[in-house]
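Student: Take this structure, written in structure tokens, and hold onto it; I'll ask about it next.
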Amino acid sequence: MAQIETGLKPRDCLRPCWRSSCAAGGCADFPNAPRTLDLDIVLYGSLTLHEPGLTIPHPRMHERAFVLLPLAEIARDTVVPATAASPTSFETQM
């Protein structure tokens with residue numbers, strides 16, 4: 001989990017993520033394939049976006065402890081879309 005500031009558009013930010021994942025042996029042969037390294041854009045400010053290959057906020061982030069627990073460490077007050085809760089509210093459930 002990392003929090004960055006950028007002037008890039010979401011798609012332009014995702015391309016280097018894909019390249020880095022593939023370089024580390026994480027290229028997916030099919031959707032949702034297991035990968036050595038999986039870099040995703042989970043949130044992008046308050047933006048909501050639905051494009052082929054890119055949905056922001058990540059549609060399953062609220063189901064994944066490996067997303068919510070680190071998010072709670074770096075952005076405790078962030079509101080998790082689809083739940084309207086902060087990531088810290090999930091800590092006791094995980």
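We label chains A, B, ... in the order they appear in the structure tokens, count residues from 1 in each chain, and number ligands from 1 in the order shown.
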Once DSSP has gone over the backbone, tell me which residues of chain A are in helix (DSSP H, G or I), as an MDAnalysis selection string.
Tutor: chainID A and resid 10:23 61:63 65:74 87:93
Student: Could you turn the residues from that selection into a file that holds N, CA, C and O atoms, as a tab-separated table (two decimals), in the first residue's frame?
Tutor:
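Final output, saved to out_36.tsv:
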```tsv
chain	number	residue	atom	x	y	z
A	10	PRO	N	-5.71	8.82	-14.10
A	10	PRO	CA	-5.68	7.44	-13.59
A	10	PRO	C	-5.12	6.41	-14.57
A	10	PRO	O	-4.29	5.60	-14.20
A	11	ARG	N	-5.53	6.45	-15.82
A	11	ARG	CA	-5.05	5.48	-16.80
A	11	ARG	C	-3.54	5.61	-17.00
A	11	ARG	O	-2.82	4.62	-17.10
A	12	ASP	N	-3.05	6.86	-17.01
A	12	ASP	CA	-1.61	7.09	-17.16
A	12	ASP	C	-0.84	6.63	-15.93
A	12	ASP	O	0.33	6.27	-16.02
A	13	CYS	N	-1.48	6.63	-14.80
A	13	CYS	CA	-0.87	6.13	-13.56
A	13	CYS	C	-0.86	4.60	-13.54
A	13	CYS	O	0.05	3.98	-13.01
A	14	LEU	N	-1.88	3.99	-14.13
A	14	LEU	CA	-2.00	2.53	-14.12
A	14	LEU	C	-0.97	1.85	-15.03
A	14	LEU	O	-0.47	0.77	-14.71
A	15	ARG	N	-0.63	2.47	-16.15
A	15	ARG	CA	0.30	1.84	-17.10
A	15	ARG	C	1.63	1.46	-16.46
A	15	ARG	O	2.09	0.33	-16.63
A	16	PRO	N	2.29	2.36	-15.71
A	16	PRO	CA	3.54	1.94	-15.07
A	16	PRO	C	3.33	0.84	-14.02
A	16	PRO	O	4.22	0.02	-13.80
A	17	CYS	N	2.16	0.80	-13.41
A	17	CYS	CA	1.85	-0.29	-12.46
A	17	CYS	C	1.85	-1.62	-13.21
A	17	CYS	O	2.43	-2.60	-12.74
A	18	TRP	N	1.19	-1.65	-14.35
A	18	TRP	CA	1.16	-2.88	-15.16
A	18	TRP	C	2.55	-3.30	-15.59
A	18	TRP	O	2.92	-4.46	-15.50
A	19	ARG	N	3.34	-2.31	-16.05
A	19	ARG	CA	4.71	-2.64	-16.49
A	19	ARG	C	5.54	-3.19	-15.34
A	19	ARG	O	6.27	-4.16	-15.50
A	20	SER	N	5.42	-2.59	-14.17
A	20	SER	CA	6.17	-3.07	-13.01
A	20	SER	C	5.72	-4.47	-12.59
A	20	SER	O	6.54	-5.32	-12.26
A	21	SER	N	4.42	-4.71	-12.61
A	21	SER	CA	3.90	-6.04	-12.27
A	21	SER	C	4.44	-7.09	-13.23
A	21	SER	O	4.89	-8.15	-12.81
A	22	CYS	N	4.39	-6.79	-14.52
A	22	CYS	CA	4.89	-7.75	-15.52
A	22	CYS	C	6.39	-7.98	-15.38
A	22	CYS	O	6.86	-9.11	-15.48
A	23	ALA	N	7.13	-6.92	-15.13
A	23	ALA	CA	8.58	-7.06	-14.98
A	23	ALA	C	8.94	-7.95	-13.79
A	23	ALA	O	9.96	-8.62	-13.79
A	61	MET	N	-12.27	-3.71	-2.77
A	61	MET	CA	-11.33	-3.29	-1.72
A	61	MET	C	-11.90	-3.51	-0.32
A	61	MET	O	-11.18	-3.86	0.60
A	62	HIS	N	-13.21	-3.32	-0.16
A	62	HIS	CA	-13.83	-3.44	1.17
A	62	HIS	C	-13.91	-4.89	1.64
A	62	HIS	O	-14.22	-5.15	2.79
A	63	GLU	N	-13.58	-5.85	0.77
A	63	GLU	CA	-13.60	-7.28	1.12
A	63	GLU	C	-12.22	-7.82	1.47
A	63	GLU	O	-12.10	-8.99	1.81
A	65	ALA	N	-8.71	-7.72	3.55
A	65	ALA	CA	-7.91	-7.25	4.68
A	65	ALA	C	-6.56	-6.73	4.24
A	65	ALA	O	-6.05	-5.77	4.81
A	66	PHE	N	-5.97	-7.35	3.21
A	66	PHE	CA	-4.65	-6.91	2.76
A	66	PHE	C	-4.69	-5.54	2.10
A	66	PHE	O	-3.65	-4.93	1.85
A	67	VAL	N	-5.88	-5.00	1.87
A	67	VAL	CA	-6.05	-3.62	1.42
A	67	VAL	C	-6.44	-2.73	2.60
A	67	VAL	O	-5.84	-1.68	2.82
A	68	LEU	N	-7.42	-3.15	3.37
A	68	LEU	CA	-7.97	-2.30	4.42
A	68	LEU	C	-7.02	-2.06	5.59
A	68	LEU	O	-6.95	-0.94	6.11
A	69	LEU	N	-6.29	-3.07	6.01
A	69	LEU	CA	-5.41	-2.88	7.16
A	69	LEU	C	-4.27	-1.92	6.87
A	69	LEU	O	-4.03	-0.99	7.65
A	70	PRO	N	-3.56	-2.06	5.74
A	70	PRO	CA	-2.54	-1.04	5.43
A	70	PRO	C	-3.15	0.34	5.16
A	70	PRO	O	-2.56	1.35	5.52
A	71	LEU	N	-4.33	0.38	4.55
A	71	LEU	CA	-5.00	1.66	4.31
A	71	LEU	C	-5.29	2.35	5.64
A	71	LEU	O	-5.13	3.57	5.76
A	72	ALA	N	-5.69	1.60	6.63
A	72	ALA	CA	-5.96	2.17	7.95
A	72	ALA	C	-4.70	2.78	8.56
A	72	ALA	O	-4.77	3.75	9.31
A	73	GLU	N	-3.53	2.23	8.23
A	73	GLU	CA	-2.28	2.76	8.77
A	73	GLU	C	-1.89	4.09	8.13
A	73	GLU	O	-1.30	4.93	8.80
A	74	ILE	N	-2.18	4.25	6.84
A	74	ILE	CA	-1.70	5.46	6.15
A	74	ILE	C	-2.79	6.50	5.91
A	74	ILE	O	-2.48	7.65	5.63
A	87	PRO	N	-11.43	2.79	7.10
A	87	PRO	CA	-10.74	1.49	7.13
A	87	PRO	C	-10.50	0.97	8.53
A	87	PRO	O	-10.45	-0.24	8.75
A	88	THR	N	-10.42	1.86	9.52
A	88	THR	CA	-10.20	1.40	10.89
A	88	THR	C	-11.39	0.65	11.44
A	88	THR	O	-11.25	-0.19	12.33
A	89	SER	N	-12.59	0.90	10.91
A	89	SER	CA	-13.77	0.20	11.41
A	89	SER	C	-13.75	-1.28	11.05
A	89	SER	O	-14.48	-2.08	11.64
A	90	PHE	N	-12.90	-1.68	10.14
A	90	PHE	CA	-12.81	-3.09	9.74
A	90	PHE	C	-11.77	-3.87	10.55
A	90	PHE	O	-11.71	-5.09	10.48
A	91	GLU	N	-10.93	-3.15	11.32
A	91	GLU	CA	-9.82	-3.80	12.02
A	91	GLU	C	-10.28	-4.91	12.94
A	91	GLU	O	-9.65	-5.96	13.02
A	92	THR	N	-11.35	-4.73	13.63
A	92	THR	CA	-11.81	-5.76	14.57
A	92	THR	C	-12.49	-6.93	13.85
A	92	THR	O	-12.64	-8.00	14.42
A	93	GLN	N	-12.91	-6.73	12.62
A	93	GLN	CA	-13.57	-7.77	11.85
A	93	GLN	C	-12.59	-8.68	11.13
A	93	GLN	O	-12.96	-9.73	10.63
```
Student: Can you work out which one of A:Val80, A:Ala75, A:Ala24, A:Ile56 has the shortest atom-to-atom distance to Met1 in chain A, counting only C-alpha atoms?
Tutor: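 Closest to Met1 in chain A, using only C-alpha atoms: A:Ala75.
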Student: What parts of range 36-83 of chain A does DSSP call strand (DSSP E)? I'd like the answer as a PyMOL selection string.
Tutor: chain A and resi 49-51+54-56
Student: Selection from above, N, CA, C and O atoms, as a compact mmCIF listing (two decimals), in the first residue's frame, can you write it?
Tutor:
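New file selection-v1.txt:
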```
# COMPACT_ATOMS: atom_id res chain seq x y z
N LEU A 49 -14.71 6.05 -11.24
CA LEU A 49 -14.43 5.84 -12.66
C LEU A 49 -14.73 4.40 -13.03
O LEU A 49 -14.35 3.47 -12.30
N HIS A 50 -15.41 4.21 -14.14
CA HIS A 50 -15.69 2.87 -14.66
C HIS A 50 -15.31 2.87 -16.13
O HIS A 50 -16.05 3.41 -16.96
N GLU A 51 -14.15 2.29 -16.44
CA GLU A 51 -13.68 2.15 -17.82
C GLU A 51 -13.25 0.70 -18.01
O GLU A 51 -12.96 0.01 -17.03
N LEU A 54 -10.30 -0.63 -15.82
CA LEU A 54 -9.99 0.27 -14.71
C LEU A 54 -11.28 0.73 -14.03
O LEU A 54 -12.10 1.43 -14.64
N THR A 55 -11.45 0.31 -12.78
CA THR A 55 -12.58 0.76 -11.97
C THR A 55 -12.01 1.35 -10.69
O THR A 55 -11.24 0.71 -9.98
N ILE A 56 -12.39 2.60 -10.42
CA ILE A 56 -11.96 3.30 -9.22
C ILE A 56 -13.21 3.83 -8.54
O ILE A 56 -14.03 4.45 -9.21
```
Student: One decimal, in Å: what's the spacing between CA of Leu37 in chain A and CA of Gly25 in chain A?
Tutor: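 Result for CA of Leu37 in chain A versus CA of Gly25 in chain A: 7.1 Å, one decimal.
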